[in-house]
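Let me begin by presenting the structure, written as structure tokens, before commenting on it.
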Amino acid sequence: MTWNSSEINNIYTELTKSTLNTNLKLKRNFLLQAIMMNDCHSHHLLPNQCGSSLVQTIDAPLPLVWSIIRRFDHPQGYKRFIKSCIMRSGGGGVGSVREVMIISGLPATTSTERLDELDDELHVMVVSIIGGDHRLENYHSTTTLHESEGGSKTMVTESYVVDIPPGNSKEDTWTFAEAIIGWNLKSLATVSEDKVRNCEA
């Protein structure tokens with residue numbers, strides 16, 4: 001089941017209709033987070049697949065973090081292992097395809113990726129890897145953003161599903177995927193928090 005923003009708001013309204021609470025925004029964000037975690041980050045894994053979710057809390061407001069993540073045409077803005085990016089089709093919206101060139105030192109040279117979903121209201125981004133020279137076959141990732149601590153921070157959750165290559169173990173594939181995502185999320189935090197500090201200077 002997929003929830004849209006209107007349905008989420010309706011659920012929130014029903015839950016808070018008879019509740020006297022001065023912090024309704026926090027309640028809505030908590031509800032939204034719970035629904036999105038269940039809807040976006042629950043994946044059915046086949047026997048030859050592995051997957052997981054990683055969470056990064058960033059000391060920066062959601063609009064700033066989202067403005068960096070949503071740039072499908074410029075992933076090197078925070079993904080440090082990407083050397084360059086060329087758009088093969090589309091202008092960065094849903095259905096666009098990009099080819100990224102990977103820095104040396106990793107077991108990959110290129111990756112061809114498609115933007116499957118980009119929701120600027122619910123802050124959801126879904127990307128699939130559809131080609132390239134790398135180990136992440138049939139890779140799909142979902143990234144969601146939620147406000148944290150009253151909006152001063154952002155919680156980024158990224159989940160993924162990927163095939164286990166022949167000759168590789170589940171543990172090896174999991175370790176490699178988690179390392180890449182972990183590096184990306186930490187780099188996103190650094191870039192976002194640097195922007196906040198620069199604005200405050």
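Every chain in the structure tokens has a letter given in the order shown (A, B, ...), and although residue numbers restart at 1 in each chain, ligands are simply numbered from 1 in the order shown.
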Assign secondary structure with DSSP using the backbone only, and return the residues of region 66-200 of chain A in strand (DSSP E or B) as a CSV table (one decimal) with all heavy atoms, in the first residue's frame.
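Contents of the output file result_27.csv:
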```
chain,number,residue,atom,x,y,z
A,82,ILE,N,32.0,9.7,-6.4
A,82,ILE,CA,31.6,10.0,-7.8
A,82,ILE,C,32.5,11.0,-8.3
A,82,ILE,O,32.6,12.1,-7.7
A,82,ILE,CB,30.1,10.4,-7.8
A,82,ILE,CG1,29.2,9.2,-7.5
A,82,ILE,CG2,29.8,10.9,-9.2
A,82,ILE,CD1,27.7,9.5,-7.5
A,83,LYS,N,33.1,10.7,-9.5
A,83,LYS,CA,34.0,11.7,-10.1
A,83,LYS,C,33.3,12.7,-11.0
A,83,LYS,O,33.6,13.9,-11.0
A,83,LYS,CB,35.1,10.9,-10.9
A,83,LYS,CG,36.1,11.8,-11.6
A,83,LYS,CD,37.3,11.0,-12.1
A,83,LYS,CE,36.9,9.8,-12.9
A,83,LYS,NZ,38.1,9.0,-13.4
A,84,SER,N,32.3,12.2,-11.7
A,84,SER,CA,31.5,13.0,-12.6
A,84,SER,C,30.2,12.4,-12.9
A,84,SER,O,30.0,11.2,-12.6
A,84,SER,CB,32.2,13.3,-13.9
A,84,SER,OG,32.5,12.1,-14.6
A,85,CYS,N,29.2,13.2,-13.5
A,85,CYS,CA,27.9,12.6,-13.8
A,85,CYS,C,27.4,13.2,-15.1
A,85,CYS,O,27.6,14.4,-15.3
A,85,CYS,CB,26.9,13.0,-12.7
A,85,CYS,SG,25.2,12.6,-13.0
A,86,ILE,N,26.9,12.4,-16.0
A,86,ILE,CA,26.4,12.8,-17.3
A,86,ILE,C,24.9,12.3,-17.3
A,86,ILE,O,24.6,11.1,-17.1
A,86,ILE,CB,27.2,12.2,-18.4
A,86,ILE,CG1,28.6,12.6,-18.4
A,86,ILE,CG2,26.5,12.5,-19.8
A,86,ILE,CD1,29.5,11.9,-19.4
A,87,MET,N,24.0,13.2,-17.7
A,87,MET,CA,22.6,12.9,-17.9
A,87,MET,C,22.5,12.2,-19.2
A,87,MET,O,22.8,12.8,-20.3
A,87,MET,CB,21.7,14.1,-17.7
A,87,MET,CG,21.7,14.7,-16.4
A,87,MET,SD,21.2,13.6,-15.1
A,87,MET,CE,19.5,13.3,-15.5
A,88,ARG,N,22.0,11.0,-19.2
A,88,ARG,CA,21.8,10.3,-20.5
A,88,ARG,C,20.4,10.5,-21.1
A,88,ARG,O,20.2,10.5,-22.3
A,88,ARG,CB,22.0,8.8,-20.3
A,88,ARG,CG,23.4,8.4,-20.0
A,88,ARG,CD,24.3,8.8,-21.1
A,88,ARG,NE,25.7,8.4,-20.9
A,88,ARG,CZ,26.7,8.8,-21.6
A,88,ARG,NH1,26.5,9.7,-22.5
A,88,ARG,NH2,28.0,8.4,-21.3
A,89,SER,N,19.4,10.8,-20.2
A,89,SER,CA,18.1,11.2,-20.6
A,89,SER,C,17.4,11.9,-19.5
A,89,SER,O,17.6,11.7,-18.3
A,89,SER,CB,17.2,9.9,-21.1
A,89,SER,OG,17.0,9.1,-19.9
A,97,VAL,N,17.7,9.4,-16.5
A,97,VAL,CA,18.8,8.4,-16.4
A,97,VAL,C,20.1,9.1,-16.4
A,97,VAL,O,20.4,10.0,-17.2
A,97,VAL,CB,18.8,7.4,-17.6
A,97,VAL,CG1,20.0,6.4,-17.5
A,97,VAL,CG2,17.4,6.6,-17.5
A,98,ARG,N,21.0,8.8,-15.5
A,98,ARG,CA,22.3,9.4,-15.4
A,98,ARG,C,23.4,8.3,-15.4
A,98,ARG,O,23.1,7.1,-15.1
A,98,ARG,CB,22.5,10.2,-14.1
A,98,ARG,CG,22.5,9.3,-12.8
A,98,ARG,CD,22.5,10.1,-11.6
A,98,ARG,NE,22.5,9.3,-10.4
A,98,ARG,CZ,22.2,9.7,-9.1
A,98,ARG,NH1,21.8,11.0,-9.0
A,98,ARG,NH2,22.2,8.9,-8.1
A,99,GLU,N,24.5,8.7,-15.9
A,99,GLU,CA,25.7,7.8,-15.8
A,99,GLU,C,26.8,8.4,-15.0
A,99,GLU,O,27.2,9.6,-15.3
A,99,GLU,CB,26.3,7.5,-17.2
A,99,GLU,CG,27.4,6.5,-17.2
A,99,GLU,CD,27.9,6.1,-18.6
A,99,GLU,OE1,27.4,6.6,-19.5
A,99,GLU,OE2,28.9,5.3,-18.6
A,100,VAL,N,27.2,7.8,-13.9
A,100,VAL,CA,28.2,8.4,-13.0
A,100,VAL,C,29.5,7.6,-13.2
A,100,VAL,O,29.5,6.4,-13.4
A,100,VAL,CB,27.7,8.3,-11.6
A,100,VAL,CG1,26.5,9.1,-11.4
A,100,VAL,CG2,27.5,6.9,-11.1
A,101,MET,N,30.6,8.4,-13.1
A,101,MET,CA,31.9,7.8,-13.2
A,101,MET,C,32.5,7.7,-11.8
A,101,MET,O,32.4,8.7,-11.0
A,101,MET,CB,32.8,8.6,-14.1
A,101,MET,CG,32.8,8.3,-15.6
A,101,MET,SD,31.1,8.2,-16.3
A,101,MET,CE,30.7,9.9,-16.4
A,102,ILE,N,33.0,6.6,-11.4
A,102,ILE,CA,33.5,6.3,-10.1
A,102,ILE,C,35.0,6.6,-9.9
A,102,ILE,O,35.8,6.4,-10.8
A,102,ILE,CB,33.2,4.9,-9.7
A,102,ILE,CG1,31.7,4.5,-10.0
A,102,ILE,CG2,33.4,4.7,-8.2
A,102,ILE,CD1,30.7,5.3,-9.4
A,110,THR,N,31.8,2.7,-13.6
A,110,THR,CA,30.7,3.4,-14.0
A,110,THR,C,29.4,2.8,-13.4
A,110,THR,O,29.4,1.6,-13.0
A,110,THR,CB,30.5,3.5,-15.5
A,110,THR,OG1,30.2,2.2,-16.0
A,110,THR,CG2,31.7,4.1,-16.2
A,111,SER,N,28.4,3.7,-13.3
A,111,SER,CA,27.1,3.2,-12.9
A,111,SER,C,26.0,4.0,-13.6
A,111,SER,O,26.0,5.2,-13.6
A,111,SER,CB,26.9,3.4,-11.4
A,111,SER,OG,25.6,2.9,-10.9
A,112,THR,N,25.0,3.2,-14.2
A,112,THR,CA,23.9,3.9,-14.9
A,112,THR,C,22.7,3.7,-14.0
A,112,THR,O,22.3,2.6,-13.6
A,112,THR,CB,23.6,3.2,-16.3
A,112,THR,OG1,24.8,3.2,-17.0
A,112,THR,CG2,22.5,3.9,-17.0
A,113,GLU,N,22.1,4.9,-13.7
A,113,GLU,CA,21.0,4.9,-12.7
A,113,GLU,C,19.8,5.7,-13.1
A,113,GLU,O,19.9,6.7,-13.9
A,113,GLU,CB,21.6,5.6,-11.4
A,113,GLU,CG,22.8,4.9,-10.9
A,113,GLU,CD,23.6,5.6,-9.8
A,113,GLU,OE1,23.2,6.8,-9.5
A,113,GLU,OE2,24.6,5.1,-9.3
A,114,ARG,N,18.6,5.2,-12.7
A,114,ARG,CA,17.3,5.8,-13.1
A,114,ARG,C,16.6,6.4,-11.9
A,114,ARG,O,16.6,5.7,-10.8
A,114,ARG,CB,16.5,4.8,-13.8
A,114,ARG,CG,15.1,5.3,-14.3
A,114,ARG,CD,14.3,4.2,-14.9
A,114,ARG,NE,13.9,3.2,-13.9
A,114,ARG,CZ,14.1,1.9,-14.1
A,114,ARG,NH1,14.7,1.4,-15.2
A,114,ARG,NH2,13.8,1.1,-13.1
A,115,LEU,N,16.0,7.5,-12.0
A,115,LEU,CA,15.2,8.1,-11.0
A,115,LEU,C,13.8,7.6,-11.1
A,115,LEU,O,13.1,8.0,-12.0
A,115,LEU,CB,15.3,9.7,-11.0
A,115,LEU,CG,14.5,10.4,-10.0
A,115,LEU,CD1,14.9,10.1,-8.6
A,115,LEU,CD2,14.6,11.9,-10.2
A,116,ASP,N,13.4,6.8,-10.2
A,116,ASP,CA,12.0,6.2,-10.2
A,116,ASP,C,11.0,7.0,-9.5
A,116,ASP,O,9.8,6.9,-9.9
A,116,ASP,CB,12.1,4.8,-9.6
A,116,ASP,CG,13.0,3.8,-10.4
A,116,ASP,OD1,13.1,4.0,-11.7
A,116,ASP,OD2,13.6,2.9,-9.8
A,117,GLU,N,11.3,7.7,-8.5
A,117,GLU,CA,10.4,8.5,-7.8
A,117,GLU,C,11.1,9.7,-7.1
A,117,GLU,O,12.2,9.6,-6.6
A,117,GLU,CB,9.7,7.7,-6.7
A,117,GLU,CG,8.6,8.4,-5.9
A,117,GLU,CD,7.9,7.5,-4.8
A,117,GLU,OE1,8.1,6.3,-4.9
A,117,GLU,OE2,7.2,8.1,-4.0
A,118,LEU,N,10.4,10.9,-7.1
A,118,LEU,CA,10.9,12.1,-6.5
A,118,LEU,C,9.7,12.9,-6.0
A,118,LEU,O,9.0,13.5,-6.8
A,118,LEU,CB,11.7,12.9,-7.5
A,118,LEU,CG,12.4,14.2,-6.9
A,118,LEU,CD1,13.5,13.7,-5.9
A,118,LEU,CD2,12.9,15.0,-8.0
A,119,ASP,N,9.4,12.8,-4.7
A,119,ASP,CA,8.3,13.4,-4.1
A,119,ASP,C,8.8,14.6,-3.2
A,119,ASP,O,9.3,14.4,-2.1
A,119,ASP,CB,7.5,12.4,-3.2
A,119,ASP,CG,6.1,13.0,-2.8
A,119,ASP,OD1,6.1,14.2,-2.4
A,119,ASP,OD2,5.2,12.2,-2.8
A,124,VAL,N,10.6,12.0,-0.6
A,124,VAL,CA,11.0,10.6,-0.9
A,124,VAL,C,11.7,10.5,-2.2
A,124,VAL,O,11.3,11.2,-3.2
A,124,VAL,CB,9.7,9.7,-1.0
A,124,VAL,CG1,10.1,8.2,-1.3
A,124,VAL,CG2,8.9,9.7,0.3
A,125,MET,N,12.8,9.8,-2.3
A,125,MET,CA,13.5,9.6,-3.6
A,125,MET,C,13.8,8.1,-3.7
A,125,MET,O,14.4,7.5,-2.8
A,125,MET,CB,14.8,10.4,-3.5
A,125,MET,CG,15.6,10.5,-4.8
A,125,MET,SD,17.0,11.6,-4.7
A,125,MET,CE,17.5,11.7,-6.4
A,126,VAL,N,13.5,7.6,-4.9
A,126,VAL,CA,13.8,6.2,-5.2
A,126,VAL,C,14.6,6.1,-6.5
A,126,VAL,O,14.3,6.7,-7.5
A,126,VAL,CB,12.5,5.4,-5.4
A,126,VAL,CG1,12.8,4.0,-5.8
A,126,VAL,CG2,11.6,5.5,-4.2
A,127,VAL,N,15.7,5.4,-6.4
A,127,VAL,CA,16.7,5.3,-7.5
A,127,VAL,C,17.0,3.8,-7.7
A,127,VAL,O,17.2,3.0,-6.8
A,127,VAL,CB,18.0,6.0,-7.2
A,127,VAL,CG1,19.0,5.8,-8.3
A,127,VAL,CG2,17.7,7.5,-7.0
A,128,SER,N,17.1,3.4,-9.0
A,128,SER,CA,17.5,2.1,-9.4
A,128,SER,C,18.8,2.1,-10.2
A,128,SER,O,18.9,3.0,-11.0
A,128,SER,CB,16.4,1.4,-10.2
A,128,SER,OG,15.2,1.3,-9.4
A,129,ILE,N,19.6,1.2,-10.0
A,129,ILE,CA,20.8,1.0,-10.9
A,129,ILE,C,20.4,0.0,-12.0
A,129,ILE,O,20.0,-1.1,-11.7
A,129,ILE,CB,22.0,0.5,-10.1
A,129,ILE,CG1,22.4,1.5,-9.0
A,129,ILE,CG2,23.2,0.1,-11.0
A,129,ILE,CD1,23.6,1.1,-8.2
A,130,ILE,N,20.6,0.5,-13.2
A,130,ILE,CA,20.1,-0.3,-14.4
A,130,ILE,C,21.3,-0.7,-15.3
A,130,ILE,O,21.0,-1.4,-16.3
A,130,ILE,CB,19.1,0.5,-15.2
A,130,ILE,CG1,19.6,1.8,-15.7
A,130,ILE,CG2,17.8,0.7,-14.3
A,130,ILE,CD1,18.7,2.6,-16.6
A,131,GLY,N,22.5,-0.4,-14.9
A,131,GLY,CA,23.6,-0.8,-15.8
A,131,GLY,C,24.9,-0.3,-15.2
A,131,GLY,O,25.0,0.3,-14.1
A,132,GLY,N,26.0,-0.6,-15.9
A,132,GLY,CA,27.3,-0.1,-15.5
A,132,GLY,C,28.3,-1.2,-15.1
A,132,GLY,O,27.9,-2.4,-15.1
A,133,ASP,N,29.5,-0.8,-14.7
A,133,ASP,CA,30.5,-1.7,-14.3
A,133,ASP,C,30.7,-1.7,-12.8
A,133,ASP,O,31.5,-0.8,-12.3
A,133,ASP,CB,31.8,-1.4,-15.0
A,133,ASP,CG,33.0,-2.2,-14.6
A,133,ASP,OD1,32.8,-3.4,-14.1
A,133,ASP,OD2,34.2,-1.8,-14.7
A,140,HIS,N,18.2,-1.3,-5.8
A,140,HIS,CA,17.1,-0.3,-5.7
A,140,HIS,C,17.3,0.4,-4.3
A,140,HIS,O,17.4,-0.3,-3.3
A,140,HIS,CB,15.7,-0.9,-5.8
A,140,HIS,CG,15.5,-1.7,-7.1
A,140,HIS,ND1,15.1,-1.1,-8.2
A,140,HIS,CD2,15.7,-3.0,-7.3
A,140,HIS,CE1,15.0,-2.0,-9.2
A,140,HIS,NE2,15.3,-3.2,-8.7
A,141,SER,N,17.3,1.7,-4.3
A,141,SER,CA,17.4,2.4,-3.0
A,141,SER,C,16.2,3.4,-2.8
A,141,SER,O,15.7,4.0,-3.8
A,141,SER,CB,18.7,3.1,-2.9
A,141,SER,OG,18.7,4.3,-3.7
A,142,THR,N,15.8,3.5,-1.6
A,142,THR,CA,14.7,4.5,-1.2
A,142,THR,C,15.3,5.4,-0.1
A,142,THR,O,15.8,4.9,0.9
A,142,THR,CB,13.5,3.8,-0.7
A,142,THR,OG1,13.0,2.9,-1.7
A,142,THR,CG2,12.4,4.8,-0.3
A,143,THR,N,15.2,6.7,-0.3
A,143,THR,CA,15.6,7.6,0.7
A,143,THR,C,14.5,8.5,1.1
A,143,THR,O,13.7,9.0,0.3
A,143,THR,CB,16.8,8.5,0.1
A,143,THR,OG1,17.8,7.7,-0.4
A,143,THR,CG2,17.3,9.5,1.2
A,144,THR,N,14.3,8.6,2.4
A,144,THR,CA,13.3,9.5,3.0
A,144,THR,C,13.9,10.5,4.0
A,144,THR,O,14.9,10.1,4.7
A,144,THR,CB,12.1,8.7,3.7
A,144,THR,OG1,12.7,7.9,4.8
A,144,THR,CG2,11.5,7.8,2.7
A,145,LEU,N,13.3,11.6,4.1
A,145,LEU,CA,13.7,12.7,5.1
A,145,LEU,C,12.6,13.0,6.0
A,145,LEU,O,11.4,13.1,5.6
A,145,LEU,CB,14.2,13.9,4.4
A,145,LEU,CG,15.6,14.0,3.9
A,145,LEU,CD1,15.9,12.9,2.8
A,145,LEU,CD2,16.0,15.4,3.3
A,146,HIS,N,12.9,13.2,7.3
A,146,HIS,CA,11.9,13.7,8.3
A,146,HIS,C,12.6,14.7,9.2
A,146,HIS,O,13.8,14.6,9.5
A,146,HIS,CB,11.4,12.5,9.1
A,146,HIS,CG,10.8,11.4,8.3
A,146,HIS,ND1,11.5,10.3,7.9
A,146,HIS,CD2,9.5,11.3,7.8
A,146,HIS,CE1,10.7,9.5,7.2
A,146,HIS,NE2,9.5,10.1,7.2
A,147,GLU,N,11.8,15.7,9.6
A,147,GLU,CA,12.2,16.6,10.6
A,147,GLU,C,12.5,16.0,11.9
A,147,GLU,O,11.8,15.0,12.3
A,147,GLU,CB,11.2,17.8,10.8
A,147,GLU,CG,11.2,18.7,9.6
A,147,GLU,CD,10.2,19.9,9.9
A,147,GLU,OE1,9.4,19.8,10.8
A,147,GLU,OE2,10.3,20.9,9.2
A,148,SER,N,13.5,16.5,12.6
A,148,SER,CA,13.8,16.0,13.9
A,148,SER,C,14.1,17.1,14.9
A,148,SER,O,14.6,18.2,14.4
A,148,SER,CB,15.1,15.0,13.9
A,148,SER,OG,15.5,14.6,15.1
A,153,LYS,N,16.9,19.7,13.1
A,153,LYS,CA,17.7,18.6,12.5
A,153,LYS,C,16.9,17.8,11.5
A,153,LYS,O,15.6,17.9,11.5
A,153,LYS,CB,18.2,17.7,13.6
A,153,LYS,CG,19.2,18.3,14.6
A,153,LYS,CD,19.8,17.4,15.6
A,153,LYS,CE,20.7,18.1,16.5
A,153,LYS,NZ,21.4,17.1,17.5
A,154,THR,N,17.5,16.9,10.8
A,154,THR,CA,16.9,16.1,9.8
A,154,THR,C,17.3,14.7,9.9
A,154,THR,O,18.5,14.4,10.1
A,154,THR,CB,17.2,16.6,8.3
A,154,THR,OG1,16.8,17.9,8.2
A,154,THR,CG2,16.5,15.7,7.3
A,155,MET,N,16.4,13.8,9.9
A,155,MET,CA,16.7,12.3,9.9
A,155,MET,C,16.6,11.8,8.5
A,155,MET,O,15.5,11.8,7.9
A,155,MET,CB,15.8,11.6,10.9
A,155,MET,CG,16.2,10.1,11.1
A,155,MET,SD,15.2,9.2,12.2
A,155,MET,CE,13.8,8.9,11.2
A,156,VAL,N,17.7,11.3,8.0
A,156,VAL,CA,17.7,10.7,6.7
A,156,VAL,C,17.7,9.2,6.8
A,156,VAL,O,18.6,8.6,7.5
A,156,VAL,CB,18.9,11.2,5.9
A,156,VAL,CG1,18.9,10.6,4.5
A,156,VAL,CG2,18.9,12.7,5.8
A,157,THR,N,16.8,8.5,6.2
A,157,THR,CA,16.8,7.0,6.2
A,157,THR,C,16.9,6.5,4.7
A,157,THR,O,16.2,7.0,3.8
A,157,THR,CB,15.5,6.5,6.7
A,157,THR,OG1,15.2,7.0,8.0
A,157,THR,CG2,15.5,4.9,6.8
A,158,GLU,N,17.9,5.7,4.5
A,158,GLU,CA,18.1,5.1,3.2
A,158,GLU,C,18.1,3.5,3.3
A,158,GLU,O,18.8,3.0,4.1
A,158,GLU,CB,19.4,5.5,2.6
A,158,GLU,CG,19.6,5.0,1.1
A,158,GLU,CD,20.7,5.6,0.4
A,158,GLU,OE1,21.3,6.7,0.9
A,158,GLU,OE2,21.1,5.2,-0.7
A,159,SER,N,17.2,2.9,2.6
A,159,SER,CA,17.1,1.5,2.5
A,159,SER,C,17.4,1.0,1.1
A,159,SER,O,17.3,1.8,0.1
A,159,SER,CB,15.7,1.0,3.0
A,159,SER,OG,14.7,1.5,2.1
A,160,TYR,N,17.8,-0.2,1.0
A,160,TYR,CA,18.2,-0.8,-0.3
A,160,TYR,C,17.9,-2.3,-0.4
A,160,TYR,O,17.7,-3.0,0.6
A,160,TYR,CB,19.7,-0.5,-0.5
A,160,TYR,CG,20.6,-1.4,0.3
A,160,TYR,CD1,21.0,-2.7,-0.1
A,160,TYR,CD2,20.9,-1.0,1.6
A,160,TYR,CE1,21.8,-3.5,0.7
A,160,TYR,CE2,21.7,-1.9,2.4
A,160,TYR,CZ,22.1,-3.1,2.0
A,160,TYR,OH,22.9,-3.9,2.8
A,161,VAL,N,17.8,-2.7,-1.6
A,161,VAL,CA,17.7,-4.1,-2.0
A,161,VAL,C,18.7,-4.4,-3.1
A,161,VAL,O,18.7,-3.6,-4.1
A,161,VAL,CB,16.3,-4.5,-2.4
A,161,VAL,CG1,16.3,-6.0,-2.9
A,161,VAL,CG2,15.3,-4.3,-1.3
A,162,VAL,N,19.5,-5.4,-3.1
A,162,VAL,CA,20.4,-5.7,-4.1
A,162,VAL,C,20.6,-7.2,-4.3
A,162,VAL,O,20.5,-8.0,-3.3
A,162,VAL,CB,21.8,-5.0,-3.8
A,162,VAL,CG1,22.4,-5.6,-2.6
A,162,VAL,CG2,22.7,-5.1,-5.0
A,163,ASP,N,20.9,-7.7,-5.5
A,163,ASP,CA,21.2,-9.1,-5.7
A,163,ASP,C,22.5,-9.4,-5.1
A,163,ASP,O,23.5,-8.6,-5.1
A,163,ASP,CB,21.2,-9.4,-7.2
A,163,ASP,CG,19.8,-9.4,-7.8
A,163,ASP,OD1,18.8,-9.2,-7.1
A,163,ASP,OD2,19.7,-9.5,-9.1
```
Counting only C-alpha atoms, give me one row per residue of region 178-197 of chain A with an atom at most 12 Å from an atom of region 167-174 of chain A, showing the shortest contact pair and its distance in Å to one decimal, sorted by chain then residue number, as a tab-separated table.
```
residue	atom	partner	partner_atom	distance
A:Glu178	CA	A:Trp174	CA	6.0
A:Ala179	CA	A:Trp174	CA	8.4
A:Ile180	CA	A:Trp174	CA	10.1
A:Ile181	CA	A:Trp174	CA	10.6
A:Gly182	CA	A:Trp174	CA	11.7
```
Check the smallest atom-to-atom distance from each of A:Asn198, A:Asn184, A:Ser152, A:Gln49 to Tyr78 (chain A) using only C-alpha atoms, then report the winner.
A:Asn184
So that I can see what lies close to Ser187 (chain A), please list as a VMD selection string the residues with an atom at most 12 Å from it, counting only C-alpha atoms and leaving out residues fewer than 5 positions away in the same chain.
chain A and resid 56 to 58 65 68 to 69 75 to 82 180 to 182 192 to 194
Would you mind exporting C-alpha atoms of the selected residues as a short mmCIF file (atom, residue, chain, number, x, y, z; two decimals), in the first residue's frame?
```cif
data_model
loop_
_atom_site.label_atom_id
_atom_site.label_comp_id
_atom_site.auth_asym_id
_atom_site.auth_seq_id
_atom_site.Cartn_x
_atom_site.Cartn_y
_atom_site.Cartn_z
CA GLN A 56 21.75 9.45 9.63
CA THR A 57 20.73 12.42 11.77
CA ILE A 58 21.97 15.70 10.33
CA VAL A 65 19.24 18.65 3.15
CA ILE A 68 21.12 18.58 -1.90
CA ILE A 69 19.70 15.07 -2.16
CA PRO A 75 25.12 13.42 -7.02
CA GLN A 76 28.79 14.38 -6.70
CA GLY A 77 27.57 17.32 -4.64
CA TYR A 78 27.83 15.02 -1.64
CA LYS A 79 28.75 11.52 -2.90
CA ARG A 80 32.52 11.75 -2.73
CA PHE A 81 33.20 8.51 -4.61
CA ILE A 82 31.59 9.95 -7.75
CA ILE A 180 28.95 2.80 0.34
CA ILE A 181 25.66 4.08 1.79
CA GLY A 182 27.30 4.89 5.11
CA SER A 192 24.76 20.05 4.90
CA GLU A 193 26.22 21.11 8.23
CA ASP A 194 28.97 23.07 6.50
#
```
When distances are computed from only C-alpha atoms, which of A:Ser104, A:Asn138, A:Ser67, A:Ser96 shows the smallest separation from Gly51 (chain A)?
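Of A:Ser104, A:Asn138, A:Ser67, A:Ser96, the one nearest Gly51 (chain A), counting only C-alpha atoms, is A:Asn138.
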